[in-house]
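Novice: Sharing my_file-v1.cif, mmCIF, C-alpha atoms:
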```
data_work
loop_
_atom_site.group_PDB
_atom_site.id
_atom_site.type_symbol
_atom_site.label_atom_id
_atom_site.label_comp_id
_atom_site.auth_asym_id
_atom_site.auth_seq_id
_atom_site.Cartn_x
_atom_site.Cartn_y
_atom_site.Cartn_z
ATOM 1 C CA MET T 1 32.265 35.723 -2.211
ATOM 2 C CA LYS T 2 32.974 32.294 -0.731
ATOM 3 C CA LYS T 3 30.298 29.629 -0.665
ATOM 4 C CA LYS T 4 29.350 28.269 2.739
ATOM 5 C CA ILE T 5 29.025 24.667 3.925
ATOM 6 C CA SER T 6 26.789 23.948 6.912
ATOM 7 C CA VAL T 7 27.886 20.888 8.886
ATOM 8 C CA VAL T 8 24.927 19.448 10.827
ATOM 9 C CA VAL T 9 25.893 17.103 13.659
ATOM 10 C CA SER T 10 23.266 15.130 15.588
ATOM 11 C CA CYS T 11 24.347 14.489 19.182
ATOM 12 C CA TYR T 12 22.905 12.218 21.833
ATOM 13 C CA ASN T 13 25.219 11.507 24.769
ATOM 14 C CA GLU T 14 28.343 12.236 22.713
ATOM 15 C CA GLU T 15 30.512 14.043 25.299
ATOM 16 C CA GLU T 16 33.503 11.835 24.461
ATOM 17 C CA SER T 17 33.169 12.069 20.694
ATOM 18 C CA ILE T 18 32.504 15.777 20.142
ATOM 19 C CA PRO T 19 36.049 17.078 20.954
ATOM 20 C CA LEU T 20 37.539 14.422 18.654
ATOM 21 C CA PHE T 21 35.078 15.242 15.892
ATOM 22 C CA TYR T 22 35.705 18.992 16.210
ATOM 23 C CA LYS T 23 39.458 18.477 15.936
ATOM 24 C CA GLU T 24 39.083 16.431 12.738
ATOM 25 C CA ILE T 25 36.549 18.689 11.046
ATOM 26 C CA LYS T 26 38.697 21.775 11.710
ATOM 27 C CA LYS T 27 41.514 20.066 9.794
ATOM 28 C CA ILE T 28 39.173 19.748 6.829
ATOM 29 C CA GLU T 29 38.163 23.398 7.188
ATOM 30 C CA LYS T 30 41.820 24.437 6.846
ATOM 31 C CA GLU T 31 42.212 22.168 3.830
ATOM 32 C CA MET T 32 39.075 23.601 2.203
ATOM 33 C CA ASN T 33 40.057 27.237 2.701
ATOM 34 C CA TYR T 34 38.197 28.181 -0.477
ATOM 35 C CA VAL T 35 34.817 27.830 1.301
ATOM 36 C CA ASP T 36 33.353 29.044 4.605
ATOM 37 C CA PHE T 37 32.073 26.679 7.266
ATOM 38 C CA GLU T 38 29.465 26.740 9.987
ATOM 39 C CA TYR T 39 28.849 23.923 12.464
ATOM 40 C CA ILE T 40 25.401 23.187 13.829
ATOM 41 C CA PHE T 41 25.396 20.747 16.740
ATOM 42 C CA VAL T 42 21.924 19.467 17.591
ATOM 43 C CA ASN T 43 21.703 18.251 21.172
ATOM 44 C CA ASP T 44 18.962 15.632 21.131
ATOM 45 C CA GLY T 45 18.129 15.685 24.838
ATOM 46 C CA SER T 46 21.487 14.282 25.965
ATOM 47 C CA ARG T 47 21.800 13.226 29.614
ATOM 48 C CA ASP T 48 25.559 13.653 29.859
ATOM 49 C CA ASN T 49 27.785 16.709 29.449
ATOM 50 C CA THR T 50 27.186 17.062 25.697
ATOM 51 C CA ILE T 51 25.481 20.470 25.751
ATOM 52 C CA ASN T 52 28.158 22.031 27.984
ATOM 53 C CA ILE T 53 30.911 20.841 25.661
ATOM 54 C CA ILE T 54 29.066 22.323 22.699
ATOM 55 C CA LYS T 55 28.645 25.642 24.532
ATOM 56 C CA LYS T 56 32.379 25.760 25.226
ATOM 57 C CA LEU T 57 33.082 25.249 21.541
ATOM 58 C CA ASN T 58 30.642 28.050 20.733
ATOM 59 C CA LYS T 59 32.458 30.463 23.061
ATOM 60 C CA LYS T 60 35.841 29.894 21.427
ATOM 61 C CA ASP T 61 34.615 29.455 17.844
ATOM 62 C CA LYS T 62 31.713 31.575 16.592
ATOM 63 C CA LYS T 63 31.315 29.289 13.616
ATOM 64 C CA VAL T 64 29.902 26.755 16.070
ATOM 65 C CA ARG T 65 26.134 27.035 16.535
ATOM 66 C CA TYR T 66 23.794 24.741 18.373
ATOM 67 C CA VAL T 67 20.186 23.730 18.842
ATOM 68 C CA SER T 68 19.248 22.004 22.084
ATOM 69 C CA PHE T 69 15.988 20.051 22.441
ATOM 70 C CA SER T 70 13.756 20.012 25.516
ATOM 71 C CA ARG T 71 14.027 16.190 25.519
ATOM 72 C CA ASN T 72 15.122 13.326 23.311
ATOM 73 C CA PHE T 73 13.115 13.427 20.073
ATOM 74 C CA GLY T 74 15.264 11.045 18.020
ATOM 75 C CA LYS T 75 17.821 11.365 15.260
ATOM 76 C CA GLU T 76 15.251 12.107 12.558
ATOM 77 C CA ALA T 77 14.062 15.164 14.474
ATOM 78 C CA ALA T 78 17.662 16.237 15.114
ATOM 79 C CA MET T 79 18.529 16.085 11.424
ATOM 80 C CA LEU T 80 15.448 18.097 10.493
ATOM 81 C CA ALA T 81 16.261 20.746 13.114
ATOM 82 C CA GLY T 82 19.815 21.017 11.794
ATOM 83 C CA LEU T 83 18.635 21.376 8.200
ATOM 84 C CA GLU T 84 16.150 24.084 9.182
ATOM 85 C CA ALA T 85 18.800 25.967 11.173
ATOM 86 C CA SER T 86 21.436 25.764 8.433
ATOM 87 C CA LYS T 87 22.333 28.853 6.406
ATOM 88 C CA GLY T 88 24.930 27.430 4.025
ATOM 89 C CA ASP T 89 24.819 27.072 0.258
ATOM 90 C CA TYR T 90 25.571 23.396 0.847
ATOM 91 C CA VAL T 91 24.645 21.237 3.821
ATOM 92 C CA THR T 92 26.169 18.015 5.084
ATOM 93 C CA LEU T 93 24.818 15.657 7.743
ATOM 94 C CA MET T 94 27.393 13.933 9.935
ATOM 95 C CA ASP T 95 27.588 11.863 13.111
ATOM 96 C CA ALA T 96 29.811 12.996 15.983
ATOM 97 C CA ASP T 97 31.353 9.526 16.402
ATOM 98 C CA LEU T 98 33.505 9.920 13.235
ATOM 99 C CA GLN T 99 31.884 6.940 11.525
ATOM 100 C CA ASP T 100 31.256 9.499 8.782
ATOM 101 C CA PRO T 101 34.820 10.320 7.647
ATOM 102 C CA PRO T 102 35.283 14.118 7.357
ATOM 103 C CA ALA T 103 38.153 13.430 4.935
ATOM 104 C CA LEU T 104 35.578 12.627 2.228
ATOM 105 C CA LEU T 105 34.124 16.141 2.323
ATOM 106 C CA PRO T 106 36.563 17.797 -0.183
ATOM 107 C CA LYS T 107 35.865 15.069 -2.728
ATOM 108 C CA MET T 108 32.109 15.405 -2.172
ATOM 109 C CA TYR T 109 32.283 19.153 -2.707
ATOM 110 C CA ASN T 110 34.277 18.760 -5.923
ATOM 111 C CA TYR T 111 31.705 16.366 -7.372
ATOM 112 C CA ILE T 112 28.933 18.903 -6.766
ATOM 113 C CA ILE T 113 30.886 21.888 -8.113
ATOM 114 C CA LYS T 114 32.668 20.285 -11.058
ATOM 115 C CA GLU T 115 30.191 17.613 -12.141
ATOM 116 C CA ASN T 116 26.953 19.431 -11.235
ATOM 117 C CA TYR T 117 25.539 16.842 -8.872
ATOM 118 C CA ASP T 118 22.850 17.966 -6.441
ATOM 119 C CA CYS T 119 23.879 15.505 -3.782
ATOM 120 C CA VAL T 120 26.881 13.336 -2.993
ATOM 121 C CA GLY T 121 26.017 10.515 -0.604
ATOM 122 C CA THR T 122 28.148 7.886 1.066
ATOM 123 C CA ARG T 123 27.590 4.163 1.373
ATOM 124 C CA ARG T 124 29.500 1.493 3.233
ATOM 125 C CA VAL T 125 30.778 -1.404 1.143
ATOM 126 C CA THR T 126 31.619 -3.416 4.260
ATOM 127 C CA ARG T 127 30.016 -3.774 7.688
ATOM 128 C CA LYS T 128 33.210 -4.529 9.531
ATOM 129 C CA GLY T 129 32.748 -4.360 13.287
ATOM 130 C CA GLU T 130 29.009 -5.045 13.173
ATOM 131 C CA PRO T 131 27.498 -8.260 14.596
ATOM 132 C CA PRO T 132 26.915 -10.720 11.707
ATOM 133 C CA ILE T 133 23.234 -11.122 12.582
ATOM 134 C CA ARG T 134 22.723 -7.354 12.377
ATOM 135 C CA SER T 135 24.423 -7.178 8.981
ATOM 136 C CA PHE T 136 22.305 -10.087 7.711
ATOM 137 C CA PHE T 137 19.018 -8.462 8.686
ATOM 138 C CA ALA T 138 20.154 -5.101 7.270
ATOM 139 C CA ARG T 139 20.794 -6.669 3.862
ATOM 140 C CA CYS T 140 17.437 -8.465 4.026
ATOM 141 C CA PHE T 141 15.676 -5.200 4.838
ATOM 142 C CA TYR T 142 17.097 -3.374 1.819
ATOM 143 C CA LYS T 143 16.214 -6.248 -0.499
ATOM 144 C CA LEU T 144 12.686 -6.362 0.895
ATOM 145 C CA ILE T 145 11.923 -2.641 0.804
ATOM 146 C CA ASN T 146 13.345 -2.198 -2.700
ATOM 147 C CA LYS T 147 10.976 -4.887 -3.951
ATOM 148 C CA MET T 148 7.972 -3.280 -2.268
ATOM 149 C CA SER T 149 8.686 0.440 -2.685
ATOM 150 C CA LYS T 150 8.930 2.603 -5.790
ATOM 151 C CA VAL T 151 11.535 4.757 -3.996
ATOM 152 C CA GLU T 152 15.011 3.240 -4.243
ATOM 153 C CA MET T 153 16.828 2.598 -0.963
ATOM 154 C CA VAL T 154 20.579 2.116 -1.433
ATOM 155 C CA ASP T 155 22.051 -0.725 0.623
ATOM 156 C CA GLY T 156 24.688 0.580 3.003
ATOM 157 C CA ALA T 157 23.720 4.226 2.453
ATOM 158 C CA ARG T 158 24.543 6.581 5.305
ATOM 159 C CA ASP T 159 22.827 9.817 6.282
ATOM 160 C CA TYR T 160 26.230 11.413 5.639
ATOM 161 C CA ARG T 161 25.858 13.392 2.422
ATOM 162 C CA LEU T 162 26.517 16.845 0.980
ATOM 163 C CA MET T 163 23.476 18.523 -0.559
ATOM 164 C CA THR T 164 22.737 21.725 -2.424
ATOM 165 C CA ARG T 165 20.472 24.309 -0.823
ATOM 166 C CA GLN T 166 17.744 23.514 -3.366
ATOM 167 C CA MET T 167 17.642 19.867 -2.303
ATOM 168 C CA VAL T 168 17.753 20.775 1.395
ATOM 169 C CA ASP T 169 14.813 23.155 0.993
ATOM 170 C CA SER T 170 12.847 20.409 -0.767
ATOM 171 C CA ILE T 171 13.420 18.061 2.175
ATOM 172 C CA ILE T 172 12.495 20.729 4.727
ATOM 173 C CA ASN T 173 9.236 21.406 2.877
ATOM 174 C CA MET T 174 8.132 17.827 3.513
ATOM 175 C CA LYS T 175 6.411 18.433 6.849
ATOM 176 C CA GLU T 176 5.389 14.882 7.711
ATOM 177 C CA TYR T 177 5.654 13.902 11.378
ATOM 178 C CA ASN T 178 6.801 10.312 10.819
ATOM 179 C CA ARG T 179 10.108 10.829 9.068
ATOM 180 C CA TYR T 180 12.387 8.294 7.411
ATOM 181 C CA SER T 181 15.163 10.431 5.963
ATOM 182 C CA LYS T 182 16.839 7.771 3.827
ATOM 183 C CA GLY T 183 13.562 7.490 1.948
ATOM 184 C CA LEU T 184 12.990 11.254 1.852
ATOM 185 C CA PHE T 185 16.437 11.814 0.317
ATOM 186 C CA SER T 186 15.511 9.429 -2.493
ATOM 187 C CA PHE T 187 11.920 10.656 -2.816
ATOM 188 C CA VAL T 188 12.847 14.270 -3.606
ATOM 189 C CA GLY T 189 15.013 13.068 -6.480
ATOM 190 C CA PHE T 190 17.916 15.223 -7.717
ATOM 191 C CA ASP T 191 21.121 13.876 -9.213
ATOM 192 C CA THR T 192 23.065 11.880 -6.644
ATOM 193 C CA LYS T 193 26.622 10.562 -6.729
ATOM 194 C CA TRP T 194 27.565 7.718 -4.358
ATOM 195 C CA LEU T 195 30.959 7.488 -2.680
ATOM 196 C CA GLU T 196 31.868 4.072 -1.333
ATOM 197 C CA TYR T 197 34.061 3.510 1.712
ATOM 198 C CA GLU T 198 34.818 0.796 4.228
ATOM 199 C CA ASN T 199 33.023 0.861 7.537
ATOM 200 C CA VAL T 200 34.661 2.933 10.285
ATOM 201 C CA GLU T 201 34.097 2.072 13.933
ATOM 202 C CA ARG T 202 33.176 4.650 16.569
ATOM 203 C CA VAL T 203 36.069 6.633 18.043
ATOM 204 C CA ALA T 204 34.425 6.835 21.471
ATOM 205 C CA GLY T 205 31.220 6.102 23.345
ATOM 206 C CA GLU T 206 28.669 3.420 22.588
ATOM 207 C CA THR T 207 26.159 3.081 19.777
ATOM 208 C CA LYS T 208 22.603 4.174 20.579
ATOM 209 C CA TRP T 209 21.142 1.738 18.064
ATOM 210 C CA ASN T 210 20.334 -1.731 19.381
ATOM 211 C CA PHE T 211 18.615 -4.462 17.396
ATOM 212 C CA TRP T 212 15.118 -3.528 18.599
ATOM 213 C CA LYS T 213 15.532 0.156 17.710
ATOM 214 C CA LEU T 214 16.827 -0.758 14.263
ATOM 215 C CA PHE T 215 13.903 -3.148 13.787
ATOM 216 C CA LYS T 216 11.390 -0.409 14.652
ATOM 217 C CA TYR T 217 13.244 1.995 12.354
ATOM 218 C CA ALA T 218 12.977 -0.533 9.532
ATOM 219 C CA ILE T 219 9.218 -0.827 10.122
ATOM 220 C CA GLU T 220 9.015 2.986 9.972
ATOM 221 C CA GLY T 221 10.708 2.927 6.580
ATOM 222 C CA ILE T 222 8.430 0.239 5.164
ATOM 223 C CA ILE T 223 5.231 1.921 6.351
ATOM 224 C CA ALA T 224 6.399 5.370 5.207
ATOM 225 C CA PHE T 225 7.223 4.379 1.638
ATOM 226 C CA THR T 226 5.021 1.483 0.611
ATOM 227 C CA THR T 227 1.490 0.183 1.090
ATOM 228 C CA ALA T 228 2.512 -3.314 -0.024
ATOM 229 C CA PRO T 229 1.912 -4.831 3.467
ATOM 230 C CA LEU T 230 -1.769 -3.882 3.134
ATOM 231 C CA SER T 231 -1.917 -5.720 -0.186
ATOM 232 C CA ILE T 232 -0.176 -8.699 1.396
ATOM 233 C CA SER T 233 -2.753 -8.852 4.202
ATOM 234 C CA ALA T 234 -5.571 -8.740 1.629
ATOM 235 C CA PHE T 235 -3.890 -11.503 -0.375
ATOM 236 C CA LEU T 236 -3.533 -13.655 2.744
ATOM 237 C CA GLY T 237 -7.231 -13.197 3.468
ATOM 238 C CA ILE T 238 -8.170 -14.347 -0.055
ATOM 239 C CA LEU T 239 -5.737 -17.263 0.167
ATOM 240 C CA MET T 240 -7.164 -18.431 3.502
ATOM 241 C CA CYS T 241 -10.718 -18.274 2.102
ATOM 242 C CA PHE T 242 -9.637 -20.355 -0.889
ATOM 243 C CA ILE T 243 -7.908 -22.945 1.292
ATOM 244 C CA SER T 244 -10.960 -23.137 3.573
ATOM 245 C CA PHE T 245 -13.248 -23.642 0.574
ATOM 246 C CA ILE T 246 -11.081 -26.484 -0.754
ATOM 247 C CA ALA T 247 -10.908 -28.064 2.719
ATOM 248 C CA ILE T 248 -14.719 -27.983 3.065
ATOM 249 C CA ILE T 249 -15.178 -29.697 -0.305
ATOM 250 C CA ALA T 250 -12.569 -32.337 0.605
ATOM 251 C CA ILE T 251 -14.295 -33.085 3.938
ATOM 252 C CA ILE T 252 -17.727 -33.416 2.273
ATOM 253 C CA ILE T 253 -16.384 -35.762 -0.422
ATOM 254 C CA LYS T 254 -14.522 -37.815 2.143
ATOM 255 C CA LYS T 255 -17.654 -38.157 4.285
ATOM 256 C CA VAL T 256 -20.089 -38.967 1.447
ATOM 257 C CA LEU T 257 -17.927 -41.322 -0.606
ATOM 258 C CA ILE T 258 -15.759 -42.985 2.004
ATOM 259 C CA GLY T 259 -17.800 -42.499 5.136
ATOM 260 C CA ASP T 260 -14.722 -41.408 7.099
ATOM 261 C CA PRO T 261 -15.648 -39.244 10.091
ATOM 262 C CA VAL T 262 -14.330 -35.756 10.437
ATOM 263 C CA SER T 263 -10.903 -35.518 12.132
ATOM 264 C CA GLY T 264 -10.760 -34.795 15.853
ATOM 265 C CA TRP T 265 -10.235 -31.646 17.819
ATOM 266 C CA PRO T 266 -6.346 -31.471 17.705
ATOM 267 C CA SER T 267 -6.357 -30.669 13.985
ATOM 268 C CA LEU T 268 -9.275 -28.279 14.486
ATOM 269 C CA VAL T 269 -7.422 -26.403 17.231
ATOM 270 C CA CYS T 270 -4.314 -26.093 15.042
ATOM 271 C CA ILE T 271 -6.381 -24.674 12.184
ATOM 272 C CA ILE T 272 -8.143 -22.180 14.459
ATOM 273 C CA LEU T 273 -4.852 -21.003 15.956
ATOM 274 C CA PHE T 274 -3.272 -20.673 12.510
ATOM 275 C CA VAL T 275 -6.161 -18.684 11.038
ATOM 276 C CA SER T 276 -6.370 -16.514 14.173
ATOM 277 C CA GLY T 277 -2.652 -15.772 13.868
ATOM 278 C CA ILE T 278 -3.107 -14.687 10.250
ATOM 279 C CA GLN T 279 -6.003 -12.449 11.266
ATOM 280 C CA LEU T 280 -4.049 -10.810 14.078
ATOM 281 C CA PHE T 281 -1.069 -10.325 11.761
ATOM 282 C CA CYS T 282 -3.238 -8.540 9.182
ATOM 283 C CA ILE T 283 -4.945 -6.443 11.861
ATOM 284 C CA GLY T 284 -1.499 -5.487 13.149
ATOM 285 C CA ILE T 285 -0.455 -4.281 9.680
ATOM 286 C CA ILE T 286 -3.591 -2.174 9.363
ATOM 287 C CA GLY T 287 -3.042 -0.894 12.904
ATOM 288 C CA GLN T 288 0.453 0.343 12.059
ATOM 289 C CA TYR T 289 -0.818 2.399 9.134
ATOM 290 C CA LEU T 290 -3.725 3.682 11.216
ATOM 291 C CA ALA T 291 -1.375 4.674 14.053
ATOM 292 C CA LYS T 292 0.848 6.655 11.689
ATOM 293 C CA THR T 293 -2.197 8.406 10.251
ATOM 294 C CA TYR T 294 -3.364 9.213 13.791
ATOM 295 C CA LEU T 295 0.004 10.768 14.664
ATOM 296 C CA GLU T 296 0.027 12.834 11.475
ATOM 297 C CA THR T 297 -3.460 14.240 12.132
ATOM 298 C CA LYS T 298 -2.424 15.445 15.602
ATOM 299 C CA ASN T 299 -0.113 17.925 13.899
ATOM 300 C CA ARG T 300 2.346 17.930 16.794
ATOM 301 C CA PRO T 301 5.807 19.492 16.261
ATOM 302 C CA VAL T 302 8.577 17.109 15.253
ATOM 303 C CA TYR T 303 10.787 18.634 17.960
ATOM 304 C CA ILE T 304 10.769 21.356 20.629
ATOM 305 C CA VAL T 305 13.780 23.656 21.023
ATOM 306 C CA LYS T 306 14.903 24.534 24.546
ATOM 307 C CA GLU T 307 17.736 26.890 23.594
ATOM 308 C CA THR T 308 20.116 27.922 20.811
ATOM 309 C CA GLU T 309 23.334 29.939 20.694
ATOM 310 C CA GLU T 310 21.214 33.046 20.059
ATOM 311 C CA ASP T 311 19.779 32.789 23.592
ATOM 312 C CA ASN T 312 23.208 33.184 25.183
ATOM 313 C CA LYS T 313 24.405 36.270 23.345
#
```
Render the structure in this file as structure tokens.

Specialist:
Amino acid sequence: MKKKISVVVSCYNEEESIPLFYKEIKKIEKEMNYVDFEYIFVNDGSRDNTINIIKKLNKKDKKVRYVSFSRNFGKEAAMLAGLEASKGDYVTLMDADLQDPPALLPKMYNYIIKENYDCVGTRRVTRKGEPPIRSFFARCFYKLINKMSKVEMVDGARDYRLMTRQMVDSIINMKEYNRYSKGLFSFVGFDTKWLEYENVERVAGETKWNFWKLFKYAIEGIIAFTTAPLSISAFLGILMCFISFIAIIAIIIKKVLIGDPVSGWPSLVCIILFVSGIQLFCIGIIGQYLAKTYLETKNRPVYIVKETEEDNK
């Protein structure tokens, strides 16, 4: 009996990309005729014609399945929904914009079958086509989080990977509300092989990730996989107390021995503003962790499904 590969595709306003993606992935299906395929398109609350295009594909190809959300819940929720809906022995996560080359899939499958890897991931060795400032901050983020976290984050790693059912089930069993999949993939362990490739630009449409969204996503990753910022805030508090103690001693000595009056209000205002800024920064760090804890305790669903292909049978 043939093994099955589930291809999970997260879609948000991808009406232009989906037909192009489908055409390319069907070529790979013909090439890999020794395995069965199923395609799970997750419509993440798209506002364009994405869901109708997916439904048309479902009508002409029963291997195409879909999950449509009631609103936009984000890519993390879409990936989780696709993993939970998948039925294959192996599961791959891909973007509809073809920045994840389908041509790598046969090689990924061979590594798992012949070399007994549990996961074959992909990582970009170049960031061609990205704004230089975005690439700079991305590299800084990976350096920073790898120093703070015990879970390794691979620079340039994509969500595009082929995983065994055992690994997929392990990821699904992690029911946390605030999800950072790149960290979860590393956290569950399993033997992983990395395939390197040069960056591929989108075939159609526009990216949904601006600088601010990427910045917030980076904060999510740091908070989800390290408590180092809390230690940093505590260290800053101790450091400020030490500096204040030294400053008090210096002022007393200066007054007693030299008779020099205490400096005026400009320096005092600067010190107050500086210390207040440090305090607000530390409170902000604590607030981020508290907010994530608050969201987890609500126990809300990660996503809400509006319809699937089963509803239209």

Novice: Let me make sure I understand: among T:Ala291, T:Leu104, T:Ile171, T:Ile5, which one has the smallest atom-to-atom distance to T:Ala81 if we use only C-alpha atoms?

Specialist: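 Of all the options, T:Ile171 lies closest to T:Ala81.
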
Novice: Each residue of stretch 42-158 of chain T with at least one atom at most 8 Å from stretch 292-310 of chain T should appear once, together with its nearest atom pair and the corresponding distance in Å (one decimal); atoms considered: all atoms listed in the file; ordering: chain, then increasing residue number; output as a tab-separated table.

Specialist:
```
residue	atom	partner	partner_atom	distance
T:Lys55	CA	T:Glu309	CA	7.8
T:Asn58	CA	T:Glu309	CA	7.5
T:Arg65	CA	T:Glu309	CA	5.8
T:Tyr66	CA	T:Thr308	CA	5.4
T:Val67	CA	T:Thr308	CA	4.6
T:Ser68	CA	T:Glu307	CA	5.3
T:Phe69	CA	T:Val305	CA	4.5
T:Ser70	CA	T:Lys306	CA	4.8
T:Arg71	CA	T:Ile304	CA	7.8
T:Phe73	CA	T:Tyr303	CA	6.1
T:Ala77	CA	T:Val302	CA	5.9
T:Ala78	CA	T:Tyr303	CA	7.8
T:Ala81	CA	T:Tyr303	CA	7.6
```

Novice: Find the distance between atom CA of T:Thr50 and atom CA of T:Phe37 and write it in Å to one decimal.

Specialist: 21.4 Å

Novice: With distances taken over all atoms listed in the file, which residue among T:Glu24, T:Glu76, T:Glu84, T:Asp89 lies nearest T:Leu162?

Specialist: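 That would be T:Asp89, the residue with the smallest distance to T:Leu162.
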
Novice: For a test of reading the model, state the distance in Å between atom CA of T:Arg47 and atom CA of T:Gly74, rounded to one decimal.

Specialist: 13.5 Å

Novice: From the list T:Ile283, T:Ile249, T:Leu80, T:Val42, which residue is nearest T:Met174 when using all atoms listed in the file?

Specialist: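 Answer, going by the shortest atom-to-atom distance: T:Leu80.
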
Novice: Return the single residue from T:Glu115, T:Asp44, T:Glu176, T:Glu29 that is closest to T:Pro102, with distances computed using only C-alpha atoms.

Specialist: T:Glu29

Novice: In Å, how far is it from atom CA of T:Leu98 to atom CA of T:Tyr39?

Specialist: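 Separation of atom CA of T:Leu98 and atom CA of T:Tyr39: 14.8 Å.
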
Novice: Give me the residues within 8 Å of T:Ile28 as a short mmCIF file (atom, residue, chain, number, x, y, z; two decimals) with C-alpha atoms, in the frame of the given file, counting all atoms listed in the file and dropping any in the same chain fewer than 3 places off.

Specialist:
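around24.cif written:
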```cif
data_model
loop_
_atom_site.label_atom_id
_atom_site.label_comp_id
_atom_site.auth_asym_id
_atom_site.auth_seq_id
_atom_site.Cartn_x
_atom_site.Cartn_y
_atom_site.Cartn_z
CA GLU T 24 39.08 16.43 12.74
CA ILE T 25 36.55 18.69 11.05
CA GLU T 31 42.21 22.17 3.83
CA MET T 32 39.08 23.60 2.20
CA PRO T 102 35.28 14.12 7.36
CA ALA T 103 38.15 13.43 4.93
CA LEU T 105 34.12 16.14 2.32
CA PRO T 106 36.56 17.80 -0.18
#
```

Novice: Looking at only C-alpha atoms, which of T:Arg123, T:Arg165, T:Arg179, T:Lys75 is the one that sits closest to T:Met153?

Specialist: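 Counting only C-alpha atoms, the residue closest to T:Met153 is T:Arg123.
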
Novice: So, with only C-alpha atoms as the atoms that count, which of T:Lys26, T:Ile40, T:Lys182, T:Ile54 lies closest to T:Glu14?

Specialist: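 Among the listed residues, T:Ile54 lies closest to T:Glu14.
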
Novice: What would the selection look like, as a ChimeraX atom specification, if the PyMOL selection byres ((chain T and resi 88) around 7) were run on the coordinates I just shared?

Specialist: /T:4-6,86-87,89-91

Novice: Step by step, work through what the PyMOL selection byres ((chain T and resi 181) around 12) selects in the shown file, and finish by giving those residues as a VMD selection string.

Specialist: chain T and resid 75 to 80 83 93 153 157 to 161 168 171 to 172 174 to 180 182 to 188 217 to 218 220 to 221 224 to 225
